[in-house]
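Colleague: For reference, the file data13.txt (compact mmCIF, C-alpha atoms) is included below:
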```txt
# COMPACT_ATOMS: atom_id res chain seq x y z
CA MET A 1 22.36 5.07 -27.08
CA ASN A 2 23.19 7.73 -29.67
CA ASN A 3 21.05 6.19 -32.34
CA SER A 4 17.83 8.14 -32.83
CA ASP A 5 15.95 4.90 -33.36
CA PHE A 6 16.87 3.75 -29.85
CA HIS A 7 15.86 7.16 -28.59
CA HIS A 8 12.49 6.98 -30.28
CA LYS A 9 11.83 3.49 -28.94
CA ALA A 10 12.65 4.71 -25.44
CA LEU A 11 10.18 7.57 -25.57
CA VAL A 12 7.48 5.37 -27.05
CA ALA A 13 8.02 2.87 -24.24
CA ALA A 14 7.61 5.63 -21.67
CA ALA A 15 4.54 6.92 -23.50
CA SER A 16 3.00 3.47 -23.41
CA VAL A 17 3.24 3.08 -19.64
CA VAL A 18 1.45 6.35 -18.95
CA LEU A 19 -1.53 4.94 -20.80
CA ALA A 20 -2.35 3.13 -17.56
CA PHE A 21 -3.43 6.53 -16.27
CA GLY A 22 -6.41 6.72 -18.58
CA THR A 23 -7.91 3.36 -17.84
CA GLY A 24 -8.77 3.95 -14.20
CA CYS A 25 -8.03 0.32 -13.52
CA PHE A 26 -5.04 -1.94 -13.52
CA ASP A 27 -4.78 -5.42 -14.89
CA PRO A 28 -1.50 -6.93 -13.75
CA GLU A 29 -1.99 -9.93 -16.02
CA LYS A 30 -2.14 -7.73 -19.07
CA ASP A 31 1.55 -7.39 -19.54
CA ASP A 32 1.80 -8.34 -23.15
CA GLU A 33 0.89 -5.01 -24.69
CA PRO A 34 3.40 -4.08 -27.33
CA LEU A 35 5.46 -1.17 -26.16
CA ASP A 36 5.91 0.45 -29.53
CA THR A 37 2.48 0.66 -31.00
CA GLU A 38 0.12 2.69 -28.88
CA ALA A 39 1.44 6.15 -28.47
CA SER A 40 2.83 8.87 -30.59
CA VAL A 41 5.84 10.78 -29.48
CA ASP A 42 7.05 14.14 -30.64
CA ASP A 43 10.51 13.40 -31.97
CA SER A 44 11.10 16.95 -32.99
CA ALA A 45 11.92 18.31 -29.56
CA SER A 46 15.55 18.96 -28.92
CA ALA A 47 17.53 18.24 -25.80
CA ASP A 48 20.16 20.79 -26.68
CA ASP A 49 19.26 23.00 -23.76
CA THR A 50 19.80 20.20 -21.31
CA SER A 51 22.94 18.49 -22.46
CA ASP A 52 25.40 21.00 -21.12
CA THR A 53 23.91 21.91 -17.79
CA SER A 54 25.98 19.84 -15.47
CA SER A 55 29.55 19.11 -14.73
CA ASN A 56 31.58 16.10 -15.69
CA ASP A 57 31.36 13.49 -12.94
CA THR A 58 34.29 11.35 -13.83
CA ALA A 59 35.92 9.50 -10.98
CA ASP A 60 38.71 10.99 -8.92
CA SER A 61 41.90 9.19 -9.88
CA SER A 62 44.04 10.74 -7.18
CA ILE A 63 43.11 8.28 -4.47
CA ASP A 64 45.11 5.26 -5.50
CA ASP A 65 45.90 4.24 -1.94
CA ARG A 66 42.26 3.80 -1.01
CA PRO A 67 41.56 0.20 0.06
CA ASP A 68 39.82 -1.78 -2.69
CA CYS A 69 37.54 -4.42 -1.20
CA SER A 70 35.94 -5.54 -4.44
CA GLU A 71 38.27 -8.47 -4.91
CA VAL A 72 38.25 -9.76 -1.33
CA LEU A 73 36.53 -13.13 -1.10
CA ASP A 74 36.76 -14.21 2.50
CA GLY A 75 33.98 -12.83 4.71
CA GLU A 76 36.25 -11.94 7.61
CA GLU A 77 38.83 -10.31 5.38
CA LEU A 78 36.05 -8.43 3.65
CA MET A 79 34.89 -6.93 6.91
CA GLU A 80 38.42 -5.93 7.75
CA CYS A 81 38.87 -4.41 4.33
CA CYS A 82 35.57 -2.51 4.55
CA ASN A 83 36.54 -1.23 7.95
CA SER A 84 39.87 -0.07 6.58
CA LEU A 85 38.08 1.66 3.77
CA GLY A 86 35.78 3.42 6.23
CA GLU A 87 38.74 4.53 8.32
CA TRP A 88 40.62 5.72 5.28
CA CYS A 89 37.66 7.75 4.07
CA ALA A 90 37.00 9.18 7.54
CA ALA A 91 40.62 10.25 7.85
CA GLU A 92 40.53 11.77 4.39
CA TYR A 93 37.21 13.59 4.53
CA GLY A 94 35.77 13.44 8.06
CA GLU A 95 32.86 11.18 8.94
CA GLU A 96 30.19 13.86 8.78
CA SER A 97 30.93 14.99 5.24
CA ASP A 98 29.19 14.13 2.01
CA GLU A 99 32.59 13.33 0.59
CA TYR A 100 32.90 10.59 3.17
CA LEU A 101 29.71 8.95 1.91
CA VAL A 102 30.90 9.21 -1.67
CA CYS A 103 34.24 7.76 -0.63
CA VAL A 104 32.73 4.82 1.24
CA TYR A 105 29.86 4.01 -1.11
CA GLY A 106 31.39 5.63 -4.17
CA PRO A 107 30.79 4.02 -7.53
CA ASP A 108 29.34 0.96 -5.88
CA TYR A 109 26.54 3.06 -4.53
CA ASP A 110 25.45 5.48 -7.18
CA GLY A 111 26.52 3.67 -10.29
CA SER A 112 28.25 6.82 -11.43
CA THR A 113 29.85 5.20 -14.41
CA GLY A 114 27.49 6.28 -17.11
CA CYS A 115 24.08 4.81 -16.43
CA ILE A 116 21.02 6.08 -14.66
CA PRO A 117 20.03 4.02 -11.62
CA TRP A 118 17.00 1.92 -12.39
CA GLY A 119 15.36 1.46 -9.01
CA PRO A 120 13.33 4.32 -7.57
CA PRO A 121 14.90 6.32 -4.76
CA VAL A 122 13.01 7.22 -1.59
CA PRO A 123 10.65 10.08 -2.53
CA PRO A 124 11.40 13.54 -1.15
CA ARG A 125 9.62 15.27 1.69
CA SER A 126 7.54 18.30 0.88
CA THR A 127 9.33 21.58 1.46
CA ARG A 128 6.39 23.77 0.50
CA LYS A 129 4.48 25.83 3.04
CA LEU A 130 0.96 24.56 2.65
CA ALA A 131 -2.17 26.61 3.11
CA MET B 1 31.47 -19.52 1.45
CA HIS B 2 29.06 -22.40 1.75
CA SER B 3 27.08 -24.20 -0.86
CA MET B 4 24.17 -25.70 1.02
CA GLY B 5 21.18 -25.83 -1.26
CA SER B 6 19.63 -23.15 -3.41
CA PRO B 7 19.38 -19.58 -2.17
CA GLY B 8 16.45 -19.13 0.13
CA SER B 9 16.17 -22.78 1.11
CA PRO B 10 16.07 -23.55 4.86
CA ALA B 11 19.25 -25.60 4.61
CA GLU B 12 21.12 -22.53 3.49
CA TYR B 13 20.39 -20.70 6.70
CA SER B 14 22.30 -23.15 8.85
CA GLU B 15 24.59 -21.91 11.57
CA ALA B 16 27.54 -22.34 9.23
CA GLY B 17 26.01 -20.15 6.56
CA MET B 18 24.87 -17.34 8.81
CA ASN B 19 28.06 -15.33 8.78
CA ALA B 20 28.16 -15.20 5.03
CA HIS B 21 24.58 -13.94 4.84
CA PHE B 22 24.62 -11.41 7.62
CA ALA B 23 27.94 -9.77 6.91
CA GLN B 24 28.52 -6.44 8.56
CA THR B 25 31.45 -4.17 9.10
CA PRO B 26 32.71 -4.03 12.70
CA ASP B 27 30.70 -0.86 13.20
CA GLU B 28 27.60 -2.75 11.99
CA ARG B 29 27.23 -1.27 8.55
CA PRO B 30 25.56 -3.90 6.37
CA ILE B 31 27.35 -5.52 3.45
CA LEU B 32 25.42 -6.75 0.46
CA ASP B 33 27.06 -9.96 -0.67
CA LEU B 34 25.25 -11.60 -3.59
CA ARG B 35 28.01 -13.97 -4.69
CA ARG B 36 25.92 -17.02 -3.91
CA GLU B 37 22.78 -15.67 -5.60
CA ALA B 38 24.74 -14.48 -8.63
CA LYS B 39 25.82 -18.01 -9.43
CA GLN B 40 22.18 -18.94 -10.07
CA HIS B 41 21.76 -16.37 -12.84
CA LEU B 42 25.15 -16.24 -14.55
CA PRO B 43 24.76 -14.92 -18.11
CA ASP B 44 26.98 -16.11 -20.92
CA LEU B 45 29.04 -13.09 -21.89
CA ASP B 46 31.19 -14.89 -24.46
CA GLY B 47 29.61 -12.76 -27.16
CA LEU B 48 30.93 -9.53 -25.70
CA PRO B 49 33.67 -7.76 -27.62
CA GLU B 50 37.12 -7.88 -26.11
CA LEU B 51 37.44 -5.35 -23.30
CA THR B 52 40.49 -4.10 -21.48
CA ASP B 53 40.75 -4.86 -17.78
CA GLU B 54 39.94 -1.24 -17.08
CA GLU B 55 36.82 -1.30 -19.26
CA ARG B 56 35.71 -4.56 -17.73
CA ALA B 57 36.14 -3.07 -14.25
CA LEU B 58 34.14 -0.01 -15.31
CA ALA B 59 31.32 -2.21 -16.54
CA ALA B 60 31.45 -4.25 -13.33
CA ARG B 61 31.20 -1.08 -11.24
CA THR B 62 28.18 -0.01 -13.23
CA TRP B 63 26.43 -3.31 -12.69
CA ARG B 64 27.47 -3.40 -9.03
CA GLY B 65 25.96 0.05 -8.61
CA ARG B 66 22.77 -1.18 -10.18
CA MET B 67 22.84 -4.23 -7.91
CA VAL B 68 22.90 -2.04 -4.81
CA ASN B 69 20.36 0.38 -6.23
CA GLU B 70 17.89 -2.35 -7.14
CA HIS B 71 18.30 -4.06 -3.77
CA LEU B 72 17.61 -0.81 -1.94
CA SER B 73 14.59 -0.13 -4.10
CA ALA B 74 12.89 -3.16 -2.59
CA GLN B 75 12.53 -1.18 0.61
CA VAL B 76 10.92 1.72 -1.30
CA PHE B 77 8.09 -0.52 -2.44
CA ALA B 78 7.98 -2.16 0.99
CA GLY B 79 7.52 1.28 2.52
CA LEU B 80 4.57 1.90 0.25
CA VAL B 81 2.70 -1.16 1.55
CA PRO B 82 1.54 0.22 4.94
CA GLN B 83 0.87 3.59 3.32
CA ALA B 84 -1.31 1.94 0.68
CA MET B 85 -3.22 0.16 3.42
CA ARG B 86 -3.79 3.36 5.37
CA ALA B 87 -4.95 4.99 2.15
CA SER B 88 -7.46 2.15 1.58
CA LEU B 89 -6.11 1.51 -1.86
CA PRO B 90 -8.04 -1.27 -3.66
CA PRO B 91 -6.56 -4.61 -2.55
CA GLY B 92 -5.78 -5.59 -6.12
CA LEU B 93 -3.50 -2.60 -6.40
CA GLN B 94 -1.99 -3.15 -2.95
CA ALA B 95 -1.10 -6.69 -4.02
CA GLU B 96 1.09 -5.30 -6.78
CA LEU B 97 3.51 -3.89 -4.23
CA PRO B 98 4.85 -7.19 -2.86
CA LYS B 99 5.41 -8.28 -6.46
CA ALA B 100 7.46 -5.16 -7.07
CA ILE B 101 9.51 -5.86 -3.95
CA ALA B 102 10.31 -9.35 -5.21
CA ASP B 103 11.13 -7.93 -8.65
CA GLU B 104 13.68 -5.54 -7.22
CA TYR B 105 15.40 -8.26 -5.19
CA ARG B 106 15.55 -10.43 -8.30
CA HIS B 107 16.95 -7.56 -10.38
CA ALA B 108 19.67 -7.09 -7.78
CA GLU B 109 20.61 -10.75 -8.17
CA GLN B 110 20.59 -10.48 -11.96
CA CYS B 111 22.83 -7.42 -11.83
CA ALA B 112 25.10 -9.26 -9.39
CA ALA B 113 25.36 -12.10 -11.87
CA VAL B 114 26.62 -9.73 -14.56
CA VAL B 115 29.24 -8.40 -12.14
CA MET B 116 30.39 -11.95 -11.52
CA ALA B 117 30.32 -12.88 -15.20
CA LEU B 118 32.54 -9.88 -15.85
CA GLY B 119 35.06 -11.40 -13.46
CA HIS B 120 34.39 -9.22 -10.43
CA GLU B 121 32.75 -9.72 -7.06
CA PRO B 122 29.12 -8.71 -6.42
CA VAL B 123 29.87 -7.41 -2.95
CA ALA B 124 29.28 -3.87 -1.74
CA LEU B 125 28.65 -1.86 1.35
CA LEU B 126 25.01 -0.91 1.67
CA PRO B 127 24.34 2.81 2.00
CA PRO B 128 21.92 4.03 4.66
CA VAL B 129 18.33 2.92 4.27
CA HIS B 130 15.99 5.87 4.67
CA PRO B 131 12.28 5.53 5.49
CA LEU B 132 9.69 6.88 3.10
CA PRO B 133 8.23 10.27 4.05
CA GLU B 134 4.86 9.98 5.77
CA HIS B 135 3.61 13.41 4.63
CA ASP B 136 1.83 13.97 7.91
CA ASP B 137 0.68 17.41 6.76
CA VAL B 138 -1.96 15.75 4.54
CA GLY B 139 -4.27 12.74 4.73
CA PRO B 140 -3.12 9.17 4.07
CA LEU B 141 -4.43 9.01 0.51
CA GLU B 142 -2.84 12.27 -0.55
CA GLY B 143 0.39 11.34 1.19
CA PHE B 144 0.47 7.99 -0.57
CA LEU B 145 -0.22 9.69 -3.88
CA ARG B 146 2.79 11.96 -3.43
CA ASN B 147 5.09 8.99 -2.97
CA CYS B 148 3.39 7.06 -5.73
CA ILE B 149 3.89 9.90 -8.21
CA SER B 150 7.57 10.16 -7.28
CA VAL B 151 8.18 6.42 -7.50
CA GLY B 152 5.88 5.21 -10.29
CA CYS B 153 5.08 8.21 -12.44
CA MET B 154 8.56 9.69 -12.33
CA SER B 155 11.39 7.31 -11.35
CA GLU B 156 10.02 4.15 -12.92
CA THR B 157 8.80 5.91 -16.06
CA ILE B 158 12.26 7.37 -16.57
CA ALA B 159 13.69 3.90 -15.93
CA VAL B 160 11.46 2.42 -18.63
CA SER B 161 12.68 4.99 -21.10
CA VAL B 162 16.37 4.54 -20.32
CA ILE B 163 16.30 0.75 -20.13
CA ARG B 164 14.29 0.54 -23.36
CA ALA B 165 16.92 2.56 -25.15
CA GLU B 166 19.70 0.40 -23.80
CA GLN B 167 17.79 -2.77 -24.56
CA ALA B 168 17.27 -1.65 -28.15
CA GLU B 169 20.98 -1.00 -28.43
CA LEU B 170 21.94 -4.36 -26.94
CA ASP B 171 19.25 -6.37 -28.70
CA GLY B 172 20.71 -9.65 -29.88
CA GLY B 173 23.77 -9.27 -27.65
CA PRO B 174 24.48 -11.30 -24.52
CA LEU B 175 22.84 -8.73 -22.24
CA GLY B 176 19.82 -7.91 -24.39
CA GLN B 177 17.64 -10.67 -22.98
CA LEU B 178 18.49 -9.75 -19.39
CA LEU B 179 17.57 -6.12 -20.00
CA GLY B 180 14.34 -7.24 -21.64
CA SER B 181 13.25 -9.15 -18.56
CA ILE B 182 14.10 -6.26 -16.25
CA LEU B 183 12.32 -3.83 -18.57
CA ALA B 184 9.12 -5.89 -18.44
CA ASP B 185 9.05 -5.51 -14.64
CA GLU B 186 9.81 -1.80 -14.72
CA VAL B 187 6.93 -1.33 -17.15
CA GLN B 188 4.62 -2.87 -14.57
CA HIS B 189 5.99 -0.67 -11.78
CA ALA B 190 5.49 2.47 -13.84
CA ARG B 191 2.01 1.43 -14.90
CA PHE B 192 1.16 0.89 -11.25
CA GLY B 193 1.96 4.53 -10.51
CA TRP B 194 -0.01 5.90 -13.43
CA SER B 195 -2.91 3.59 -12.73
CA VAL B 196 -3.16 4.77 -9.12
CA LEU B 197 -3.01 8.38 -10.27
CA GLY B 198 -5.67 7.71 -12.90
CA LEU B 199 -7.90 6.21 -10.27
CA MET B 200 -7.40 8.97 -7.73
CA ALA B 201 -7.15 12.10 -9.90
CA PRO B 202 -10.89 12.50 -10.48
CA ARG B 203 -11.46 12.26 -6.72
CA LEU B 204 -9.08 15.08 -5.77
CA ASP B 205 -10.59 18.37 -4.65
CA ASP B 206 -9.08 21.72 -5.58
CA GLY B 207 -7.05 21.92 -2.37
CA ALA B 208 -5.50 18.50 -2.88
CA ARG B 209 -4.67 19.29 -6.51
CA SER B 210 -3.02 22.53 -5.46
CA ARG B 211 -0.96 20.84 -2.73
CA LEU B 212 0.05 18.02 -5.05
CA SER B 213 1.07 20.55 -7.69
CA ASP B 214 3.30 22.22 -5.13
CA TYR B 215 4.78 18.87 -4.18
CA LEU B 216 5.64 18.22 -7.82
CA VAL B 217 8.30 20.94 -7.59
CA ASP B 218 10.05 18.97 -4.83
CA ALA B 219 9.61 15.73 -6.72
CA PHE B 220 11.03 17.13 -9.97
CA VAL B 221 14.00 18.74 -8.22
CA HIS B 222 14.63 15.45 -6.42
CA GLN B 223 14.64 13.57 -9.74
CA MET B 224 17.21 15.93 -11.21
CA GLU B 225 19.39 16.00 -8.12
CA TYR B 226 19.34 12.22 -7.84
CA GLU B 227 19.67 11.17 -11.46
CA ILE B 228 21.71 13.77 -13.33
CA PRO B 229 24.93 13.57 -11.28
CA LYS B 230 25.01 9.85 -12.03
CA LEU B 231 25.17 10.49 -15.76
CA PRO B 232 28.72 11.56 -16.51
CA VAL B 233 29.47 12.99 -19.91
CA ASN B 234 32.59 12.80 -22.04
CA LEU B 235 34.02 9.67 -20.47
CA GLY B 236 35.68 8.96 -23.79
CA LEU B 237 34.72 5.30 -23.83
CA ARG B 238 34.98 3.02 -26.84
CA SER B 239 31.65 2.03 -28.33
CA GLU B 240 32.40 -1.62 -27.51
CA VAL B 241 32.06 -0.84 -23.81
CA ALA B 242 28.39 -0.05 -24.35
CA GLU B 243 27.82 -3.70 -25.19
CA ALA B 244 28.80 -4.53 -21.61
CA GLY B 245 26.06 -2.23 -20.33
CA VAL B 246 27.88 1.05 -19.82
CA CYS B 247 25.60 3.77 -21.14
CA ASP B 248 26.39 6.99 -22.88
CA GLY B 249 25.67 9.51 -20.13
CA SER B 250 25.00 12.34 -22.59
CA ALA B 251 22.33 10.40 -24.42
CA ALA B 252 20.76 9.26 -21.16
CA ARG B 253 20.62 12.87 -19.94
CA ALA B 254 18.84 13.93 -23.10
CA LEU B 255 16.44 11.03 -22.68
CA PHE B 256 15.80 11.98 -19.06
CA PHE B 257 14.73 15.50 -20.00
CA GLU B 258 12.74 14.49 -23.05
CA THR B 259 10.84 11.83 -21.10
CA MET B 260 10.05 14.39 -18.43
CA GLU B 261 8.96 17.12 -20.82
CA GLN B 262 7.24 15.10 -23.50
CA ILE B 263 5.69 12.27 -21.51
CA ILE B 264 5.50 12.80 -17.76
CA VAL B 265 4.66 16.50 -17.48
CA PRO B 266 1.81 16.41 -20.04
CA LYS B 267 0.25 13.37 -18.39
CA LEU B 268 0.43 14.95 -14.94
CA GLU B 269 -1.26 18.01 -16.45
CA GLU B 270 -3.98 15.69 -17.71
CA ALA B 271 -4.46 14.58 -14.10
CA GLY B 272 -5.37 18.17 -13.25
CA LEU B 273 -2.01 19.04 -11.71
CA GLU B 274 0.00 22.14 -12.56
CA ALA B 275 2.91 20.07 -13.71
CA ARG B 276 4.23 22.48 -16.36
CA ARG B 277 4.51 25.28 -13.82
CA ALA B 278 6.11 22.90 -11.31
CA TRP B 279 8.61 21.62 -13.88
CA GLU B 280 9.64 25.17 -14.86
CA GLN B 281 10.09 26.08 -11.20
CA ALA B 282 12.11 22.95 -10.56
CA LEU B 283 14.32 23.59 -13.60
CA THR B 284 14.97 27.16 -12.48
CA HIS B 285 15.89 25.94 -9.01
CA TRP B 286 18.12 23.17 -10.31
CA ARG B 287 19.94 25.42 -12.79
CA ALA B 288 20.56 27.99 -10.08
CA THR B 289 21.98 25.26 -7.86
CA GLN B 290 24.24 24.07 -10.66
CA ALA B 291 25.42 27.59 -11.40
CA ALA B 292 26.22 28.19 -7.74
CA ALA B 293 28.19 24.96 -7.59
CA ASP B 294 30.31 25.78 -10.67
```
Go ahead and express the file in the form of structure tokens.
Modeller:
Amino acid sequence: MNNSDFHHKALVAAASVVLAFGTGCFDPEKDDEPLDTEASVDDSASADDTSDTSSNDTADSSIDDRPDCSEVLDGEELMECCNSLGEWCAAEYGEESDEYLVCVYGPDYDGSTGCIPWGPPVPPRSTRKLA
Amino acid sequence: MHSMGSPGSPAEYSEAGMNAHFAQTPDERPILDLRREAKQHLPDLDGLPELTDEERALAARTWRGRMVNEHLSAQVFAGLVPQAMRASLPPGLQAELPKAIADEYRHAEQCAAVVMALGHEPVALLPPVHPLPEHDDVGPLEGFLRNCISVGCMSETIAVSVIRAEQAELDGGPLGQLLGSILADEVQHARFGWSVLGLMAPRLDDGARSRLSDYLVDAFVHQMEYEIPKLPVNLGLRSEVAEAGVCDGSAARALFFETMEQIIVPKLEEAGLEARRAWEQALTHWRATQAAAD
């Protein structure tokens, strides 16, 4: 995804879906609009100020003895394996910790291997004090 | 495992097949097992470049993560259904929500099929399922609009951008067609959000616009806190791995911010919301959080 052409196509695609805002109506059958033709996107903006703002999230490689249930085929064995995994993570991090959740659901849960999750998460609650 | 008819057919839900479909851990945590469904969608990955076992496992983990994420997203759209009804949304728009639910389930199966085609098992523990916020501090329409902005105008619009980039990169490869079909659905989900906002924005009074503008800060922060940690940088992967669907986290991060700043924020401003101010506040908050964590 380093190619600027891919980048441009991505922003144009996003720009095309927001066009639904202006119509005030929604035609679910009209799904054949070309994605790349209807909106202009400012390609000049730079993402330099955003590319170094977070830490590296590479996986922890020091937990080799953690049970790996991904190759278990039999349903009963799978449950046993998952239970072992839960116990291992609880012993390692404590059941109430965030680390426990990461340990149990880990890369299977958040897809933390280089790609943004596609499905929308549950929206947040409001934390603002409203008038 | 049992092979008793196609997935979803009554024959499949015989006594013998029940255990496979309703797998849980002994402490009743649900397991998502899409091995059976995956077989119906198996893509031909013969055209992929040769990958090491480690790279193949990395790609499988990515697609398994997507599988779980897409499956869980079905409940996000399902949660919007009663809220849309309480908000008296036009029935034609309400009817889009069940379609989105079905889309997300299908995407989960498609992602599971890639996991299987990569030689791994599309089985994972399901994380906790959280209900959508009701936003009881405001009326049903305004509450629905908050969730709709978060889901359609933000999450799904970002998804369109990221998937489009990946699809362009994989065009002509074994996964390009799959991404194209998923992208088409995500476009519809994003358009749903913007369409609802377009319909409702002119009807908002000053108070509602002000409250929604405040909510945008929470929604923007949530987007950054949810998405950015899942985009690792400097993994040092070979370019061939990208053809198996493993993105460049750095590029995706840049795309995330550019889509927010160039596309989403201006359009929310057009809706009469103080989105620029909210985005700046959210960025300040997020950067402070990052700095404190370092």
Colleague: Check every residue of chain B for an atom within 6 Å of chain A, counting only C-alpha atoms, and provide those that qualify as an MDAnalysis selection string.
Modeller: chainID B and resid 25 62 64:65 69:70 73 76 121 132:133 147 150:151 155 157 159:161 164:165 168 191 194:195 198:199 215 230:233 246:249 251 254 263
Colleague: Counting all atoms listed in the file, write as a PyMOL selection string all protein and nucleic acid residues lying at most 10 Å from (13.2, 18.3, -6.6) in the file's frame.
Modeller: (chain A and resi 123-127) or (chain B and resi 150+215-226+278-279+281-283+285-286)
Colleague: Please list as a count of residues only every residue within 7 Å of range 106-118 of chain B, counting all atoms listed in the file and excluding residues in the same chain fewer than 4 positions away.
Modeller: 20
Colleague: Enter the distance from CA of Ser239 in chain B to CA of Ala57 in chain B, in Å, rounded to one decimal.
Modeller: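 Between CA of Ser239 in chain B and CA of Ala57 in chain B the gap is 15.6 Å.
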Colleague: Just give me the gap between CA of Gly176 in chain B and CA of Ile264 in chain B in Å, one decimal is fine.
Modeller: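 About the pair CA of Gly176 in chain B and CA of Ile264 in chain B: they are 26.0 Å apart.
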Colleague: For range 256-276 of chain B, where the input has fewer atoms than it should, I would like N, CA and C atoms rebuilt and written as a tab-separated table (two decimals), in the coordinates of the input.
Modeller:
```tsv
chain	number	residue	atom	x	y	z
B	256	PHE	N	16.42	11.61	-20.33
B	256	PHE	CA	15.80	11.98	-19.06
B	256	PHE	C	14.91	13.22	-19.26
B	257	PHE	N	15.48	14.26	-19.86
B	257	PHE	CA	14.73	15.50	-20.00
B	257	PHE	C	13.58	15.36	-21.00
B	258	GLU	N	13.81	14.65	-22.06
B	258	GLU	CA	12.74	14.49	-23.05
B	258	GLU	C	11.59	13.67	-22.48
B	259	THR	N	11.91	12.64	-21.70
B	259	THR	CA	10.84	11.83	-21.10
B	259	THR	C	10.04	12.68	-20.12
B	260	MET	N	10.75	13.50	-19.36
B	260	MET	CA	10.05	14.39	-18.43
B	260	MET	C	9.12	15.34	-19.18
B	261	GLU	N	9.69	16.02	-20.18
B	261	GLU	CA	8.96	17.12	-20.82
B	261	GLU	C	7.90	16.66	-21.80
B	262	GLN	N	8.18	15.54	-22.47
B	262	GLN	CA	7.24	15.10	-23.50
B	262	GLN	C	6.21	14.09	-22.99
B	263	ILE	N	6.57	13.36	-21.95
B	263	ILE	CA	5.69	12.27	-21.51
B	263	ILE	C	5.10	12.54	-20.12
B	264	ILE	N	5.96	12.76	-19.15
B	264	ILE	CA	5.50	12.80	-17.76
B	264	ILE	C	4.73	14.09	-17.45
B	265	VAL	N	5.32	15.23	-17.79
B	265	VAL	CA	4.66	16.50	-17.48
B	265	VAL	C	3.27	16.61	-18.14
B	266	PRO	N	3.15	16.32	-19.43
B	266	PRO	CA	1.81	16.41	-20.04
B	266	PRO	C	0.78	15.49	-19.38
B	267	LYS	N	1.23	14.30	-18.99
B	267	LYS	CA	0.25	13.37	-18.39
B	267	LYS	C	-0.16	13.84	-16.99
B	268	LEU	N	0.79	14.41	-16.26
B	268	LEU	CA	0.43	14.95	-14.94
B	268	LEU	C	-0.52	16.15	-15.10
B	269	GLU	N	-0.34	16.91	-16.15
B	269	GLU	CA	-1.26	18.01	-16.45
B	269	GLU	C	-2.66	17.44	-16.69
B	270	GLU	N	-2.70	16.33	-17.41
B	270	GLU	CA	-3.98	15.69	-17.71
B	270	GLU	C	-4.69	15.25	-16.43
B	271	ALA	N	-3.89	14.98	-15.40
B	271	ALA	CA	-4.46	14.58	-14.10
B	271	ALA	C	-4.97	15.79	-13.33
B	272	GLY	N	-4.87	16.97	-13.92
B	272	GLY	CA	-5.37	18.17	-13.25
B	272	GLY	C	-4.33	18.84	-12.37
B	273	LEU	N	-3.08	18.44	-12.51
B	273	LEU	CA	-2.01	19.04	-11.71
B	273	LEU	C	-1.26	20.09	-12.54
B	274	GLU	N	-0.74	21.08	-11.84
B	274	GLU	CA	0.00	22.14	-12.56
B	274	GLU	C	1.45	21.70	-12.76
B	275	ALA	N	1.60	20.68	-13.56
B	275	ALA	CA	2.91	20.07	-13.71
B	275	ALA	C	3.87	20.93	-14.52
B	276	ARG	N	3.36	21.64	-15.53
B	276	ARG	CA	4.23	22.48	-16.36
B	276	ARG	C	4.85	23.57	-15.50
```
